[in-house]
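Asker: Got a structure for you, coords.cif, holding mmCIF, C-alpha atoms.
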data_protein
loop_
_atom_site.label_atom_id
_atom_site.label_comp_id
_atom_site.auth_asym_id
_atom_site.auth_seq_id
_atom_site.Cartn_x
_atom_site.Cartn_y
_atom_site.Cartn_z
CA MET L 1254 83.63 105.19 114.40
CA SER L 1255 85.88 107.84 115.88
CA GLN L 1256 89.39 107.66 117.29
CA LYS L 1257 91.26 110.39 119.11
CA ALA L 1258 94.91 111.34 119.42
CA ASN L 1259 96.25 114.63 120.72
CA ASN L 1260 92.67 115.95 120.97
CA TYR L 1261 92.07 115.27 117.27
CA ALA L 1262 89.11 113.07 116.39
CA LEU L 1263 89.55 110.99 113.26
CA THR L 1264 86.38 109.56 111.76
CA GLU L 1265 85.86 107.47 108.66
CA ASP L 1266 84.20 110.34 106.80
CA LYS L 1267 87.47 112.31 106.98
CA ILE L 1268 89.37 109.59 105.12
CA ILE L 1269 89.01 109.40 101.35
CA SER L 1270 88.75 105.75 100.33
CA GLU L 1271 90.88 104.12 97.65
CA ALA L 1272 87.79 103.82 95.44
CA GLU L 1273 86.98 107.51 95.92
CA LEU L 1274 90.58 108.50 95.22
CA LYS L 1275 90.54 106.54 91.95
CA ALA L 1276 87.24 108.17 90.99
CA LEU L 1277 88.61 111.62 91.83
CA LEU L 1278 91.75 111.17 89.72
CA LYS L 1279 89.71 109.67 86.88
CA THR L 1280 87.46 112.74 86.94
CA ILE L 1281 90.35 115.21 86.74
CA LEU L 1282 92.39 113.24 84.18
CA PRO L 1283 90.56 114.23 80.95
CA SER L 1284 90.81 117.96 81.80
CA MET L 1285 94.47 117.57 82.71
CA GLU L 1286 95.25 115.76 79.45
CA GLN L 1287 93.42 118.35 77.36
CA SER L 1288 95.19 121.15 79.21
CA SER L 1289 98.60 119.60 78.54
CA ARG L 1290 97.77 119.25 74.82
CA THR L 1291 96.35 122.74 74.31
CA ASN L 1292 98.35 124.73 76.88
CA LYS L 1293 95.07 126.21 78.10
CA ARG L 1294 93.69 126.12 81.64
CA THR L 1295 96.98 124.76 82.87
CA HIS L 1296 95.69 124.83 86.44
CA PHE L 1297 94.12 121.46 85.62
CA VAL L 1298 97.64 120.01 85.54
CA ASN L 1299 98.25 121.30 89.06
CA ASP L 1300 94.87 119.97 90.19
CA TYR L 1301 95.64 116.44 89.02
CA TYR L 1302 99.17 116.22 90.37
CA LEU L 1303 98.34 117.87 93.70
CA VAL L 1304 95.90 115.05 94.37
CA LEU L 1305 98.12 112.31 92.91
CA ILE L 1306 101.37 113.33 94.62
CA GLY L 1307 99.56 114.20 97.84
CA SER L 1308 98.02 110.73 97.93
CA LEU L 1309 101.37 109.05 97.21
CA THR L 1310 103.42 110.94 99.81
CA GLY L 1311 101.04 111.83 102.64
CA MET L 1312 102.24 115.42 102.70
CA ARG L 1313 100.25 118.03 104.58
CA VAL L 1314 98.84 120.82 102.40
CA SER L 1315 101.28 123.29 103.99
CA GLU L 1316 104.14 120.96 103.07
CA ILE L 1317 103.20 120.20 99.48
CA ILE L 1318 102.68 123.85 98.52
CA SER L 1319 106.08 124.70 100.03
CA VAL L 1320 108.14 122.08 98.16
CA ARG L 1321 110.78 123.65 95.91
CA LEU L 1322 112.59 121.81 93.14
CA SER L 1323 115.77 121.87 95.25
CA ASP L 1324 113.92 119.84 97.93
CA ILE L 1325 113.48 116.89 95.56
CA SER L 1326 116.18 114.26 95.23
CA ALA L 1327 116.26 110.94 93.42
CA ASN L 1328 114.56 109.01 96.21
CA SER L 1329 113.07 111.53 98.63
CA ILE L 1330 111.51 114.92 99.25
CA SER L 1331 112.64 117.15 102.13
CA VAL L 1332 109.83 119.05 103.84
CA VAL L 1333 109.44 121.22 106.91
CA GLY L 1334 106.55 119.86 108.93
CA LYS L 1335 104.87 120.72 112.19
CA GLY L 1336 107.08 122.44 114.73
CA ARG L 1337 109.43 123.46 111.91
CA LYS L 1338 110.84 119.93 111.95
CA LEU L 1339 112.69 118.84 108.82
CA ARG L 1340 111.91 115.36 107.57
CA SER L 1341 112.63 113.29 104.50
CA ILE L 1342 109.73 111.59 102.73
CA PRO L 1343 110.75 108.51 100.74
CA LEU L 1344 109.65 108.35 97.12
CA GLY L 1345 108.53 105.10 95.57
CA ARG L 1346 108.31 104.19 91.92
CA ARG L 1347 104.86 105.73 91.40
CA SER L 1348 105.55 108.96 93.25
CA LYS L 1349 108.87 109.47 91.44
CA ALA L 1350 107.16 108.87 88.10
CA ALA L 1351 104.41 111.36 88.98
CA ILE L 1352 106.91 114.07 89.91
CA ASP L 1353 109.00 113.43 86.80
CA GLU L 1354 105.92 113.66 84.59
CA LEU L 1355 104.76 116.86 86.30
CA LEU L 1356 108.15 118.47 85.79
CA ARG L 1357 108.18 117.42 82.15
CA LEU L 1358 104.75 118.96 81.59
CA LYS L 1359 105.69 122.16 83.39
CA LYS L 1360 108.76 122.62 81.20
CA GLU L 1361 106.59 122.25 78.11
CA LEU L 1362 103.76 124.47 79.34
CA LEU L 1363 105.78 127.23 80.96
CA ARG L 1364 108.21 127.43 78.02
CA HIS L 1365 111.02 128.88 80.08
CA PRO L 1366 113.63 127.38 82.39
CA MET L 1367 112.68 126.36 85.91
CA THR L 1368 115.15 127.09 88.69
CA PRO L 1369 115.92 125.08 91.85
CA THR L 1370 114.19 127.75 93.95
CA ASP L 1371 110.91 127.43 92.03
CA PHE L 1372 108.02 125.83 93.87
CA LEU L 1373 106.88 122.47 92.54
CA PHE L 1374 103.33 123.84 92.42
CA ILE L 1375 102.89 127.39 91.19
CA ASN L 1376 99.85 129.27 89.96
CA GLN L 1377 99.54 131.01 86.61
CA ASN L 1378 101.34 134.04 88.04
CA ARG L 1379 104.29 131.83 89.02
CA LYS L 1380 103.43 132.38 92.67
CA GLN L 1381 103.17 129.83 95.46
CA PHE L 1382 99.80 128.15 95.85
CA SER L 1383 97.81 129.09 98.93
CA ARG L 1384 96.08 126.61 101.24
CA HIS L 1385 92.79 128.29 100.35
CA ALA L 1386 93.35 127.76 96.63
CA VAL L 1387 94.14 124.06 97.11
CA ALA L 1388 91.01 123.61 99.26
CA ALA L 1389 88.83 125.37 96.69
CA ARG L 1390 90.14 123.28 93.79
CA LEU L 1391 89.70 120.05 95.76
CA ARG L 1392 86.09 120.95 96.63
CA PHE L 1393 85.41 121.62 92.95
CA TRP L 1394 86.68 118.22 91.85
CA LEU L 1395 85.10 116.30 94.72
CA LYS L 1396 81.74 117.64 93.63
CA ARG L 1397 82.45 116.75 90.00
CA ALA L 1398 83.41 113.22 91.09
CA GLY L 1399 80.14 112.81 92.99
CA ILE L 1400 81.78 112.76 96.42
CA SER L 1401 79.40 114.73 98.61
CA ARG L 1402 81.35 114.53 101.87
CA ALA L 1403 83.42 117.54 102.90
CA VAL L 1404 86.80 115.81 102.55
CA SER L 1405 89.82 118.08 103.00
CA PHE L 1406 93.28 117.70 101.51
CA HIS L 1407 94.22 116.12 104.84
CA GLY L 1408 91.90 113.26 103.86
CA LEU L 1409 94.54 112.24 101.30
CA ARG L 1410 97.09 112.10 104.12
CA HIS L 1411 94.76 109.93 106.18
CA GLN L 1412 94.24 107.63 103.21
CA PHE L 1413 98.00 107.36 102.66
CA ALA L 1414 98.66 106.27 106.26
CA THR L 1415 95.86 103.71 106.13
CA TYR L 1416 97.15 102.47 102.76
CA LEU L 1417 100.64 101.88 104.19
CA LEU L 1418 99.28 99.92 107.16
CA ASN L 1419 97.08 97.85 104.85
CA ARG L 1420 100.20 97.01 102.83
CA GLY L 1421 102.04 95.66 105.87
CA PHE L 1422 104.15 98.65 106.95
CA LEU L 1423 105.00 98.63 110.66
CA ILE L 1424 103.47 101.37 112.77
CA HIS L 1425 106.84 102.94 113.63
CA GLU L 1426 107.71 103.05 109.92
CA VAL L 1427 104.45 104.82 109.13
CA SER L 1428 104.97 107.21 112.05
CA LYS L 1429 108.37 108.24 110.69
CA ILE L 1430 107.11 108.71 107.13
CA MET L 1431 104.14 110.76 108.34
CA GLY L 1432 106.29 112.92 110.60
CA HIS L 1433 104.23 112.25 113.71
CA SER L 1434 105.74 113.47 116.97
CA SER L 1435 104.21 110.52 118.83
CA ILE L 1436 103.45 106.98 117.74
CA SER L 1437 100.11 107.32 119.53
CA THR L 1438 99.05 109.67 116.74
CA THR L 1439 99.84 107.01 114.15
CA SER L 1440 98.04 104.33 116.17
CA ILE L 1441 94.64 105.87 115.41
CA TYR L 1442 94.98 104.59 111.86
CA LEU L 1443 95.14 101.00 113.08
CA HIS L 1444 91.42 101.21 113.74
CA PHE L 1445 90.82 101.95 110.06
CA SER L 1446 93.28 99.37 108.76
CA LYS L 1447 91.81 96.40 106.88
CA GLN L 1448 94.80 94.32 107.98
CA THR L 1449 93.95 94.95 111.63
CA GLN L 1450 90.31 94.08 111.04
CA ASP L 1451 91.29 90.89 109.23
CA ARG L 1452 93.42 89.82 112.23
CA ILE L 1453 90.52 90.54 114.60
CA ASP L 1454 88.11 88.58 112.40
CA SER L 1455 90.42 85.55 112.35
CA ALA L 1456 91.31 85.64 116.04
CA LEU L 1457 88.03 86.50 117.73
#
Could you render the structure as structure tokens?
Answerer:
Amino acid sequence: MSQKANNYALTEDKIISEAELKALLKTILPSMEQSSRTNKRTHFVNDYYLVLIGSLTGMRVSEIISVRLSDISANSISVVGKGRKLRSIPLGRRSKAAIDELLRLKKELLRHPMTPTDFLFINQNRKQFSRHAVAARLRFWLKRAGISRAVSFHGLRHQFATYLLNRGFLIHEVSKIMGHSSISTTSIYLHFSKQTQDRIDSAL
């Protein structure tokens, strides 16, 4: 099944499922926990929280690697999206807890103060992550988790939008959170929403 919006074709194989997401995080978790205990291979910490926070916020890869500590408030993250448009992404209980835990680990592992201008995700040279690096790490863990499809980081964003619709969020609410310029872009996710399918099954 394929749906199009703004010349972009969204197919089911581009969306990571909830089951696959859980398997992916479960695969990374032991390496992340060992890394946090031993202070070795600390990139595993970034790997885990890139996937977790990405799946809980729907950020684009360009947005998540550009987040600085000063962009994070108690209940939201400010990002610059497509067209250089500034938007505020709301943080729920799970996403706030994930960010707090990541910051706690970074303070322990880096062993020196972090400043408001620091990026949330930095490599071992304290430099900003590149899109290429994120894609490479995701491919590594997808393979380890037994997910053979070529799912990109954007697949987490697709999953997030579908998750919100399945939980009863209105389409205009999802559109605002995702930073879509047109609600027609958001509407493609309705075709992959279980809630929509359930309504069809009961009505037709």
Asker: Give as JSON, numbers by chain the residues that the PyMOL selection byres ((chain L and resi 1329) around 7) matches when applied to the coordinates above.
Answerer: {"L": [1325, 1326, 1327, 1328, 1330, 1331, 1341, 1342, 1343, 1344]}
Asker: Leaving out L:Leu1303 and any residue of its chain fewer than 6 positions from it, which residues lie within 9 Å of it when counting only C-alpha atoms, given as a compact mmCIF listing (two decimals) with C-alpha atoms, in the coordinates of the input?
Answerer:
# COMPACT_ATOMS: atom_id res chain seq x y z
CA ILE L 1317 103.20 120.20 99.48
CA ILE L 1318 102.68 123.85 98.52
CA PHE L 1374 103.33 123.84 92.42
CA VAL L 1387 94.14 124.06 97.11
Asker: When you look at stretch 1283-1291 of chain L with a cut-off of 8 Å (counting all atoms listed in the file), what residues show up, excluding the ones that are within fewer than 4 positions of it in the same chain? I need them as a ChimeraX atom specification.
Answerer: /L:1279,1295,1297-1298,1300-1301,1358,1362
Asker: Restricting the calculation to only C-alpha atoms: of L:Ser1434, L:Ser1319, L:Gln1412, L:Asn1378, which residue gets closest to L:Ser1270?
Answerer: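 Among the listed residues, the smallest separation from L:Ser1270 belongs to L:Gln1412.
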Asker: Need to verify the contact set: L:Lys1275, 12 Å, all atoms listed in the file, exclusion of same-chain residues closer than 3 positions in sequence. Can you return it as an MDAnalysis selection string?
Answerer: chainID L and resid 1269:1272 1278:1282 1301 1304:1305 1308 1395 1398 1400 1409 1412
Asker: Using C-alpha atoms, can you write the selected residues to a file as a PDB file, keeping the file's coordinate frame?
Answerer:
ATOM      1  CA  ILE L1269      89.010 109.400 101.350  1.00  0.00           C
ATOM      2  CA  SER L1270      88.750 105.750 100.330  1.00  0.00           C
ATOM      3  CA  GLU L1271      90.880 104.120  97.650  1.00  0.00           C
ATOM      4  CA  ALA L1272      87.790 103.820  95.440  1.00  0.00           C
ATOM      5  CA  LEU L1278      91.750 111.170  89.720  1.00  0.00           C
ATOM      6  CA  LYS L1279      89.710 109.670  86.880  1.00  0.00           C
ATOM      7  CA  THR L1280      87.460 112.740  86.940  1.00  0.00           C
ATOM      8  CA  ILE L1281      90.350 115.210  86.740  1.00  0.00           C
ATOM      9  CA  LEU L1282      92.390 113.240  84.180  1.00  0.00           C
ATOM     10  CA  TYR L1301      95.640 116.440  89.020  1.00  0.00           C
ATOM     11  CA  VAL L1304      95.900 115.050  94.370  1.00  0.00           C
ATOM     12  CA  LEU L1305      98.120 112.310  92.910  1.00  0.00           C
ATOM     13  CA  SER L1308      98.020 110.730  97.930  1.00  0.00           C
ATOM     14  CA  LEU L1395      85.100 116.300  94.720  1.00  0.00           C
ATOM     15  CA  ALA L1398      83.410 113.220  91.090  1.00  0.00           C
ATOM     16  CA  ILE L1400      81.780 112.760  96.420  1.00  0.00           C
ATOM     17  CA  LEU L1409      94.540 112.240 101.300  1.00  0.00           C
ATOM     18  CA  GLN L1412      94.240 107.630 103.210  1.00  0.00           C
TER      19      GLN L1412
END
Asker: So how far away is atom CA of L:Ile1375 from atom CA of L:Arg1357, in Å?
Answerer: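 According to the coordinates, atom CA of L:Arg1357 and atom CA of L:Ile1375 are separated by 14.5 Å.
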Asker: Once the PyMOL selection byres ((chain L and resi 1334) around 12) is applied to the coordinates I shared, what remains selected? I want it as a list in words.
Answerer: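 This file, filtered by the PyMOL selection byres ((chain L and resi 1334) around 12), leaves Gly1311, Met1312, Arg1313, Val1314, Ser1315, Glu1316, Ile1317, Ile1318, Ser1319, Val1320, Ile1330, Ser1331, Val1332, Val1333, Lys1335, Gly1336, Arg1337, Lys1338, Leu1339, Arg1340, Ser1341, Ile1342, Lys1429, Ile1430, Met1431, Gly1432, His1433 and Ser1434 of chain L.
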Asker: For atom CA of L:Ile1268 and atom CA of L:Arg1410, determine how far apart the two atoms are, in Å to one decimal place.
Answerer: 8.2 Å
Asker: So, with all atoms listed in the file as the atoms that count, which of L:Leu1274, L:Leu1423, L:Met1367, L:Ile1306 lies closest to L:Ile1352?
Answerer: L:Ile1306
Asker: In terms of the shortest atom-to-atom distance over only C-alpha atoms, which of L:His1411, L:Arg1420, L:Lys1293, L:Arg1321 is closest to L:Phe1382?
Answerer: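 Going through L:His1411, L:Arg1420, L:Lys1293, L:Arg1321 one by one, the smallest distance to L:Phe1382 is for L:Arg1321.
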Asker: Distance atom CA of L:Phe1372-atom CA of L:Leu1322, one decimal place?
Answerer: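 So the answer is 6.1 Å.
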Asker: Using only C-alpha atoms, find the one residue out of L:Leu1418, L:Val1427, L:Ala1351, L:Leu1356 that sits nearest to L:Gly1307.
Answerer: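 Selected residue with least distance to L:Gly1307: L:Ala1351.
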